[in-house]
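These notes are about the structure you will find just below.
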Amino acid sequence: MIKNHLLSSAKQSPSANQNNRPTDIISLVVIHNISLPPNEFDNDYIEQFFTNQLDFDAHPYFKNIKDMQVSAHLLIKRDGLVIQFVPFDKRAWHAGDSSFNGQDNCNDFSIGIELEGTDNIAYESVQYQSLNTILKSLKSVYPIQAVVGHSDIAPGRKTDPGDAFKWDEIEDA
């Protein structure tokens, strides 16, 4: 259930990496993947990164992302836990340079959902279950017209959610 642009079943972990949308119309959901460090799961590094609390000395890879300020609306962990960083009516910083159906700056009109994973490691079935539940809730509140991968809106620049993502597991995508 969504109330005041927050998913009631999600753990709330507010991120400062957001701002106001230039439009009230939210018509797109963008599916991403992330793992920190790459190919490692089941830690709190993603949440720390999205909330600007990551210790950049905790792993050598983190020096590569030190100057980045990013967020997503939601993160679905490997165990299906959902964390919300940005209310849906705000613009999360997830898509970067992007375009969908001739409209640039997808952050302006999309909801970004990160799955803890990589392009080539299978996602967990509970992640698909959580994602389908979320998509159903989002579509009941917002005029969502499409669900796409980051690679669809930033081709050549992004590859996620990758070959491991099973689009046929998504209901009504």
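A note on labels: chains of the structure tokens are A, B, ... as shown, every chain counts residues from 1, and ligands are counted from 1 in their shown order.
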List as a PDB file with C-alpha atoms, in the first residue's frame the protein and nucleic acid residues near Met68 in chain A, meaning an atom at most 12 Å away when only C-alpha atoms are counted, but skip any in the same chain fewer than 6 places from it.
ATOM      1  CA  ASN A  17      20.076  12.583  -3.063  1.00  0.00           C
ATOM      2  CA  PHE A  49      25.926   4.672  -0.323  1.00  0.00           C
ATOM      3  CA  PHE A  50      22.429   5.970  -1.141  1.00  0.00           C
ATOM      4  CA  THR A  51      22.271   7.827   2.207  1.00  0.00           C
ATOM      5  CA  ASN A  52      25.781   9.334   1.913  1.00  0.00           C
ATOM      6  CA  LEU A  54      29.427   4.908   3.073  1.00  0.00           C
ATOM      7  CA  PHE A  56      34.973   4.912   1.340  1.00  0.00           C
ATOM      8  CA  PHE A  62      34.623   2.427  -3.016  1.00  0.00           C
ATOM      9  CA  TRP A  93      18.935  10.365  -8.914  1.00  0.00           C
ATOM     10  CA  HIS A  94      18.999   6.946 -10.561  1.00  0.00           C
ATOM     11  CA  GLY A  96      21.421   9.761 -15.319  1.00  0.00           C
TER      12      GLY A  96
END
Worksheet entry | For Ile113 in chain A: contacts at 12 Å, only C-alpha atoms, fewer than 3 positions along chain excluded, given as a ChimeraX atom specification | /A:28-34,71-77,82-86,88,92-95,107,110,116-117,127-128,130-132,134-135,138,147-150,160-161
Worksheet item: Restricting the calculation to only C-alpha atoms, which member of A:Pro143, A:Pro155, A:Gly162, A:Gly112 is positioned closest to Asp24 in chain A?
Response: A:Pro143
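CA of Ser27 in chain A is positioned 5.2 Å from CA of Gln145 in chain A.
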Worksheet item: What is the distance, in Å and to one decimal place, between CA of Gly102 in chain A and CA of Ala146 in chain A?
Response: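 Interatomic distance, CA of Gly102 in chain A to CA of Ala146 in chain A: 13.8 Å.
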Worksheet item: Any idea what the distance is between CA of Asp168 in chain A and CA of Ile26 in chain A?
Response: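 That distance, rounded to one decimal, is 23.5 Å.
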Which residues, written as a compact mmCIF listing (two decimals) with C-alpha atoms, in the first residue's frame, have at least one atom at most 7 Å from range 98-101 of chain A, with only C-alpha atoms counted and residues fewer than 4 positions away on the same chain left out?
# COMPACT_ATOMS: atom_id res chain seq x y z
CA ASN A 105 15.82 13.03 -18.36
CA CYS A 106 13.90 9.97 -17.22
CA ILE A 153 16.78 4.21 -21.46
CA ALA A 154 20.59 4.56 -21.55
Item to complete: Can you list, as a ChimeraX atom specification, all residues belonging to chain A that DSSP tags as strand (DSSP E)?
Response: /A:2-3,6-7,11-12,18-20,28-34,74-76,82-84,90-92,99-100,103-104,110-116,146-149
Output N, CA and C atoms for every residue in that selection, as a compact mmCIF listing (two decimals), in the first residue's frame.
# COMPACT_ATOMS: atom_id res chain seq x y z
N ILE A 2 0.46 2.26 -0.73
CA ILE A 2 1.21 3.51 -0.82
C ILE A 2 0.39 4.60 -0.16
N LYS A 3 1.02 5.29 0.78
CA LYS A 3 0.37 6.40 1.46
C LYS A 3 1.37 7.55 1.55
N LEU A 6 4.78 6.97 0.02
CA LEU A 6 5.67 6.01 0.67
C LEU A 6 5.04 4.63 0.64
N LEU A 7 5.87 3.63 0.41
CA LEU A 7 5.42 2.24 0.40
C LEU A 7 5.38 1.76 1.85
N LYS A 11 11.07 -0.59 4.50
CA LYS A 11 11.91 0.08 5.50
C LYS A 11 12.23 1.45 4.94
N GLN A 12 12.06 2.49 5.72
CA GLN A 12 12.34 3.84 5.26
C GLN A 12 13.77 4.24 5.67
N GLN A 18 18.05 13.64 -3.79
CA GLN A 18 16.75 13.77 -4.43
C GLN A 18 16.44 15.25 -4.59
N ASN A 19 15.45 15.54 -5.38
CA ASN A 19 14.93 16.90 -5.47
C ASN A 19 13.52 16.85 -6.05
N ASN A 20 12.95 18.02 -6.27
CA ASN A 20 11.58 18.09 -6.77
C ASN A 20 11.52 17.71 -8.24
N LEU A 28 6.74 6.01 -15.73
CA LEU A 28 7.75 5.01 -16.07
C LEU A 28 8.36 4.41 -14.81
N VAL A 29 8.64 3.11 -14.86
CA VAL A 29 9.43 2.45 -13.81
C VAL A 29 10.69 1.93 -14.48
N VAL A 30 11.83 2.24 -13.86
CA VAL A 30 13.13 1.80 -14.38
C VAL A 30 13.73 0.79 -13.41
N ILE A 31 14.05 -0.40 -13.95
CA ILE A 31 14.65 -1.46 -13.16
C ILE A 31 16.18 -1.41 -13.32
N HIS A 32 16.87 -1.42 -12.20
CA HIS A 32 18.33 -1.37 -12.15
C HIS A 32 18.85 -2.57 -11.37
N ASN A 33 20.16 -2.73 -11.36
CA ASN A 33 20.80 -3.62 -10.40
C ASN A 33 22.00 -2.92 -9.80
N ILE A 34 22.36 -3.35 -8.61
CA ILE A 34 23.52 -2.80 -7.92
C ILE A 34 24.03 -3.85 -6.93
N LEU A 74 13.57 2.81 -4.55
CA LEU A 74 13.51 1.56 -3.79
C LEU A 74 14.71 0.69 -4.08
N LEU A 75 15.06 -0.13 -3.12
CA LEU A 75 16.04 -1.21 -3.26
C LEU A 75 15.36 -2.49 -2.81
N ILE A 76 15.47 -3.54 -3.63
CA ILE A 76 14.98 -4.86 -3.23
C ILE A 76 16.20 -5.73 -2.98
N VAL A 82 12.51 -4.70 1.21
CA VAL A 82 12.42 -3.49 0.40
C VAL A 82 12.79 -2.29 1.27
N ILE A 83 13.69 -1.46 0.75
CA ILE A 83 14.09 -0.23 1.42
C ILE A 83 13.71 0.93 0.51
N GLN A 84 13.04 1.93 1.08
CA GLN A 84 12.69 3.13 0.32
C GLN A 84 13.59 4.28 0.75
N LYS A 90 9.00 12.58 -5.41
CA LYS A 90 10.27 13.30 -5.56
C LYS A 90 11.12 12.62 -6.63
N ARG A 91 12.08 13.34 -7.15
CA ARG A 91 12.97 12.84 -8.19
C ARG A 91 14.21 12.23 -7.52
N ALA A 92 14.33 10.91 -7.64
CA ALA A 92 15.55 10.21 -7.19
C ALA A 92 16.58 10.32 -8.30
N SER A 99 16.76 8.59 -21.94
CA SER A 99 15.65 9.00 -22.79
C SER A 99 14.70 7.82 -22.98
N PHE A 100 13.39 8.13 -22.97
CA PHE A 100 12.38 7.11 -23.23
C PHE A 100 11.29 7.71 -24.09
N GLN A 103 11.50 11.35 -24.82
CA GLN A 103 11.51 12.26 -23.67
C GLN A 103 12.80 12.04 -22.89
N ASP A 104 13.62 13.09 -22.77
CA ASP A 104 14.89 13.00 -22.06
C ASP A 104 14.70 13.13 -20.54
N SER A 110 10.08 9.17 -13.75
CA SER A 110 10.16 7.73 -13.48
C SER A 110 10.38 7.44 -12.00
N ILE A 111 10.13 6.19 -11.69
CA ILE A 111 10.45 5.62 -10.37
C ILE A 111 11.56 4.62 -10.60
N GLY A 112 12.64 4.75 -9.85
CA GLY A 112 13.79 3.86 -9.97
C GLY A 112 13.76 2.77 -8.91
N ILE A 113 13.84 1.53 -9.36
CA ILE A 113 13.88 0.39 -8.44
C ILE A 113 15.17 -0.39 -8.69
N GLU A 114 16.00 -0.47 -7.67
CA GLU A 114 17.25 -1.22 -7.72
C GLU A 114 17.01 -2.61 -7.15
N LEU A 115 17.54 -3.62 -7.82
CA LEU A 115 17.57 -4.96 -7.27
C LEU A 115 19.01 -5.26 -6.89
N GLU A 116 19.20 -5.79 -5.70
CA GLU A 116 20.55 -6.18 -5.31
C GLU A 116 20.94 -7.36 -6.19
N ALA A 146 4.93 2.13 -18.61
CA ALA A 146 5.95 1.16 -19.03
C ALA A 146 6.88 0.83 -17.87
N VAL A 147 7.40 -0.39 -17.94
CA VAL A 147 8.44 -0.86 -17.01
C VAL A 147 9.61 -1.27 -17.90
N VAL A 148 10.76 -0.63 -17.71
CA VAL A 148 11.91 -0.86 -18.57
C VAL A 148 13.17 -1.06 -17.74
N GLY A 149 14.22 -1.54 -18.39
CA GLY A 149 15.51 -1.65 -17.76
C GLY A 149 16.31 -0.38 -17.96
Fill in: Polymer residues at most 12 Å from Pro60 in chain A, only C-alpha atoms, same-chain spacing of 4 or more positions, as number ranges by chain
A: 36-38, 55-56, 64-66
